[in-house]
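Structure data follow from entry-v1.tsv (TSV, C-alpha atoms):
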chain	number	residue	atom	x	y	z
A	91	MET	CA	89.42	78.53	133.31
A	92	MET	CA	92.70	77.95	135.12
A	93	GLU	CA	95.50	80.39	134.36
A	94	VAL	CA	99.05	79.07	134.38
A	95	ARG	CA	101.99	81.45	134.18
A	96	MET	CA	105.33	80.27	132.86
A	97	ASN	CA	108.58	82.08	132.33
A	98	MET	CA	110.01	81.92	128.85
A	99	ASN	CA	113.16	83.62	127.75
A	100	ASP	CA	113.33	85.88	124.72
A	101	ASP	CA	115.61	83.47	122.87
A	102	ASP	CA	113.02	80.69	122.88
A	103	ILE	CA	110.25	83.00	121.72
A	104	TRP	CA	112.51	84.62	119.13
A	105	SER	CA	113.43	81.20	117.73
A	106	CYS	CA	109.75	80.46	117.18
A	107	LEU	CA	109.11	83.92	115.75
A	108	VAL	CA	111.92	83.40	113.23
A	109	GLY	CA	110.05	80.31	112.07
A	110	ALA	CA	106.98	82.47	111.47
A	111	PHE	CA	108.92	85.23	109.67
A	112	GLU	CA	110.84	82.79	107.49
A	113	GLY	CA	108.00	80.58	106.42
A	114	GLY	CA	105.30	79.58	108.87
A	115	SER	CA	103.27	82.77	108.38
A	116	GLY	CA	104.50	83.64	104.92
A	117	TYR	CA	101.22	82.66	103.31
A	118	TRP	CA	99.33	85.50	105.04
A	119	ALA	CA	101.81	88.00	106.51
A	120	ARG	CA	104.15	90.68	105.25
A	121	THR	CA	106.13	92.67	107.78
A	122	CYS	CA	107.68	96.11	108.00
A	123	VAL	CA	109.67	97.61	110.87
A	124	THR	CA	107.73	100.73	111.79
A	125	ASP	CA	109.50	101.69	115.03
A	126	ARG	CA	113.23	101.08	115.30
A	127	ALA	CA	113.35	102.41	118.88
A	128	GLY	CA	116.73	103.98	118.19
A	129	LEU	CA	118.23	100.69	117.00
A	130	THR	CA	120.83	100.62	114.28
A	131	TYR	CA	120.83	97.77	111.77
A	132	VAL	CA	124.24	96.10	111.48
A	133	ARG	CA	125.66	93.15	109.60
A	134	HIS	CA	127.55	90.23	111.05
A	135	ASP	CA	130.84	91.82	110.01
A	136	ASP	CA	130.27	94.86	112.24
A	137	PRO	CA	133.47	95.43	114.29
A	138	ARG	CA	131.53	95.54	117.59
A	139	ILE	CA	130.26	92.03	116.97
A	140	ALA	CA	133.68	90.67	116.08
A	141	GLU	CA	135.25	92.29	119.14
A	142	GLU	CA	132.60	91.01	121.55
A	143	ASN	CA	132.67	87.48	120.13
A	144	GLU	CA	136.46	87.44	120.38
A	145	ARG	CA	136.18	88.50	124.03
A	146	ARG	CA	133.62	85.77	124.71
A	147	THR	CA	135.69	83.14	122.90
A	148	ALA	CA	138.77	84.03	124.94
A	149	GLU	CA	136.81	83.27	128.13
A	150	ARG	CA	136.01	79.72	126.94
A	151	PRO	CA	138.46	76.99	127.97
A	152	ASN	CA	138.31	75.30	124.55
A	153	GLY	CA	138.23	78.54	122.55
A	154	PHE	CA	134.91	77.59	120.96
A	155	LEU	CA	131.79	79.74	121.17
A	156	PRO	CA	128.67	77.56	120.80
A	157	TYR	CA	125.35	78.68	119.37
A	158	GLY	CA	123.42	80.82	121.82
A	159	GLU	CA	126.54	82.30	123.38
A	160	ARG	CA	127.51	84.58	120.51
A	161	CYS	CA	126.64	88.23	121.03
A	162	THR	CA	124.42	88.10	117.94
A	163	ASP	CA	122.15	85.71	119.86
A	164	ASP	CA	122.22	87.75	123.06
A	165	MET	CA	119.21	90.09	123.25
A	166	THR	CA	120.58	91.78	126.36
A	167	TRP	CA	123.88	92.64	124.66
A	168	LEU	CA	122.10	93.80	121.51
A	169	ARG	CA	119.73	95.99	123.58
A	170	GLU	CA	122.63	97.50	125.54
A	171	ASN	CA	124.42	98.34	122.28
A	172	ASN	CA	121.27	99.55	120.44
A	173	ILE	CA	121.93	97.29	117.49
A	174	VAL	CA	119.82	94.79	115.60
A	175	LEU	CA	120.57	92.26	112.88
A	176	TYR	CA	117.12	90.99	111.88
A	177	SER	CA	113.65	92.52	111.78
A	178	SER	CA	112.36	89.58	113.85
A	179	MET	CA	114.52	90.86	116.75
A	180	VAL	CA	113.06	94.38	116.75
A	181	PRO	CA	110.05	93.67	119.03
A	182	PHE	CA	112.37	92.14	121.65
A	183	LEU	CA	114.61	95.20	121.61
A	184	GLY	CA	111.90	97.80	122.18
A	185	GLY	CA	110.72	98.47	118.63
A	186	GLU	CA	107.68	97.50	116.64
A	187	VAL	CA	106.92	95.57	113.47
A	188	THR	CA	103.70	96.16	111.56
A	189	VAL	CA	102.12	93.09	109.97
A	190	TYR	CA	100.14	93.40	106.74
A	191	ASP	CA	97.81	91.05	104.90
A	192	SER	CA	99.94	89.59	102.10
A	193	GLU	CA	96.99	89.71	99.69
A	194	SER	CA	96.39	93.44	100.19
A	195	ILE	CA	99.16	94.69	97.94
A	196	ASN	CA	98.35	97.66	95.76
A	197	PHE	CA	100.06	96.81	92.49
A	198	ASP	CA	100.19	100.46	91.46
A	199	THR	CA	102.15	101.55	94.55
A	200	GLY	CA	103.73	98.26	95.67
A	201	GLU	CA	102.43	98.96	99.19
A	202	TYR	CA	100.42	96.62	101.40
A	203	GLU	CA	97.20	98.29	102.46
A	204	VAL	CA	95.59	96.10	105.16
A	205	VAL	CA	97.23	96.23	108.58
A	206	LEU	CA	96.49	93.10	110.59
A	207	GLY	CA	98.32	94.23	113.72
A	208	VAL	CA	101.71	94.91	115.23
A	209	LEU	CA	104.39	92.97	117.03
A	210	ASN	CA	105.86	94.62	120.10
A	211	ARG	CA	106.59	93.51	123.66
A	212	GLU	CA	102.97	94.02	124.75
A	213	THR	CA	101.36	92.16	121.85
A	214	MET	CA	103.86	89.31	122.14
A	215	GLU	CA	103.08	88.81	125.84
A	216	ARG	CA	99.34	89.02	125.23
A	217	GLY	CA	99.60	86.61	122.30
A	218	LEU	CA	101.51	84.04	124.32
A	219	GLN	CA	98.84	84.13	127.02
A	220	LEU	CA	96.10	83.72	124.40
A	221	MET	CA	98.01	80.84	122.84
A	222	GLN	CA	98.33	79.16	126.24
A	223	ASP	CA	94.61	79.65	126.95
A	224	ASN	CA	93.23	78.70	123.54
A	225	SER	CA	95.75	76.41	121.84
A	226	PRO	CA	97.27	74.24	124.58
A	227	ARG	CA	98.70	71.67	122.17
A	228	HIS	CA	100.65	74.31	120.23
A	229	PHE	CA	101.64	76.06	123.45
A	230	LYS	CA	102.99	72.77	124.81
A	231	ASP	CA	105.01	72.34	121.61
A	232	LEU	CA	106.43	75.83	122.12
A	233	MET	CA	107.29	75.14	125.76
A	234	THR	CA	108.95	71.79	125.05
A	235	GLY	CA	110.87	73.02	122.01
A	236	ASP	CA	108.95	70.65	119.74
A	237	LEU	CA	108.40	73.48	117.25
A	238	ASP	CA	107.45	73.44	113.64
A	239	SER	CA	106.11	75.99	111.17
A	240	ILE	CA	102.56	75.42	112.42
A	241	THR	CA	103.53	76.26	116.01
A	242	SER	CA	105.33	79.38	114.78
A	243	ASP	CA	102.36	80.44	112.67
A	244	VAL	CA	99.83	79.92	115.48
A	245	MET	CA	102.00	81.93	117.88
A	246	MET	CA	102.37	84.80	115.42
A	247	GLN	CA	98.63	84.91	114.72
A	248	TYR	CA	97.85	85.18	118.43
A	249	MET	CA	100.48	87.89	118.81
A	250	VAL	CA	99.32	89.91	115.80
A	251	MET	CA	95.56	89.38	115.72
A	252	GLY	CA	94.68	87.87	119.10
A	253	GLU	CA	93.23	84.75	117.48
A	254	VAL	CA	93.95	82.14	114.84
A	255	VAL	CA	92.42	83.48	111.63
A	256	PHE	CA	94.38	81.71	108.89
A	257	GLY	CA	95.08	78.03	108.35

Write the structure described by the file as structure tokens, please.
Amino acid sequence: MMEVRMNMNDDDIWSCLVGAFEGGSGYWARTCVTDRAGLTYVRHDDPRIAEENERRTAERPNGFLPYGERCTDDMTWLRENNIVLYSSMVPFLGGEVTVYDSESINFDTGEYEVVLGVLNRETMERGLQLMQDNSPRHFKDLMTGDLDSITSDVMMQYMVMGEVVFG
């Protein structure tokens, strides 16, 4: 087997992971942030966000801040400020999300009982390599930005379980 290494930025991977969290993997996965890594959850109206976006807007010649340039889309800025807006960001910022089997809910307690795996920096990197090695068509879709919910789901399964189990 030939190994090919490619650099991907967190934003591209996060975009695909959002697709998994918001629908692509919803038929099998439930998530819970289990390690915040010192991060504080904030809302979009947090004063730090408004201040930073105002600063960034002032630096733009047309006074417009396009998608991807807002501080809420900037993993480096979020990491430096120890803040997070969405649970899908947590693994990129040093924390961990536990993924449960959606069918393992205990109706008496309301808790999910079967842990399928975790999402953190290590499992995301390993999962991307497994996806590249074992699902080249989906990996190509990820690399070219030709994403859909299937691509997102396949990526998340490799990251969480090391293989495609569902679907």

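Nearest-residue note for Val254 of chain A: choosing from A:Tyr202, A:Tyr157, A:Trp118, A:Phe111, the minimum distance belongs to A:Trp118, counting all atoms listed in the file.
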
Exercise for the section: State, in Å with one decimal place, the distance from atom CA of Ser239 of chain A to atom CA of Glu112 of chain A. Expected result: 9.1 Å

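Counting only C-alpha atoms, the residue from A:Leu155, A:Leu107, A:Met98, A:Val208 that sits nearest to Asp125 of chain A is A:Val208.
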
Practice task
Tell me which of A:Leu206, A:Ala110, A:Leu168, A:Met251 sits closest to Gly184 of chain A, counting all atoms listed in the file.
Solution key: A:Leu168

Exercise for the section: Counting only C-alpha atoms, figure out which residue out of A:Asp243, A:Asp100, A:Asp191, A:Glu186 gets nearest to Ala127 of chain A. Expected result: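 Closest residue, counting only C-alpha atoms: A:Glu186.
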
What box, with edges along x, y and z, holds each listed atom of segment 215-218 of chain A when 6 Å is added on every side, and can you state its centre and edge lengths in Å to one decimal, as lines of an AutoDock Vina configuration file?
center_x = 101.2
center_y = 86.5
center_z = 124.1
size_x = 15.7
size_y = 17.0
size_z = 15.5

Handout entry: Atomic separation - atom CA of Met214 of chain A relative to atom CA of Met179 of chain A, Å
Key = 12.0 Å

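The coordinates place atom CA of Leu209 of chain A at 8.8 Å from atom CA of Val180 of chain A.
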
Problem - Residue nearest Gly217 of chain A among A:Tyr248, A:Phe197, A:Tyr117, A:Phe182 (counting all atoms listed in the file) - result: A:Tyr248

Exercise for the section: Just give me the residues with any atom within 12 Å of (102.5, 76.8, 120.4), file coordinates, counting all atoms listed in the file, written as a PyMOL selection string. Expected result: chain A and resi 102-103+106-107+109-110+217-249+254
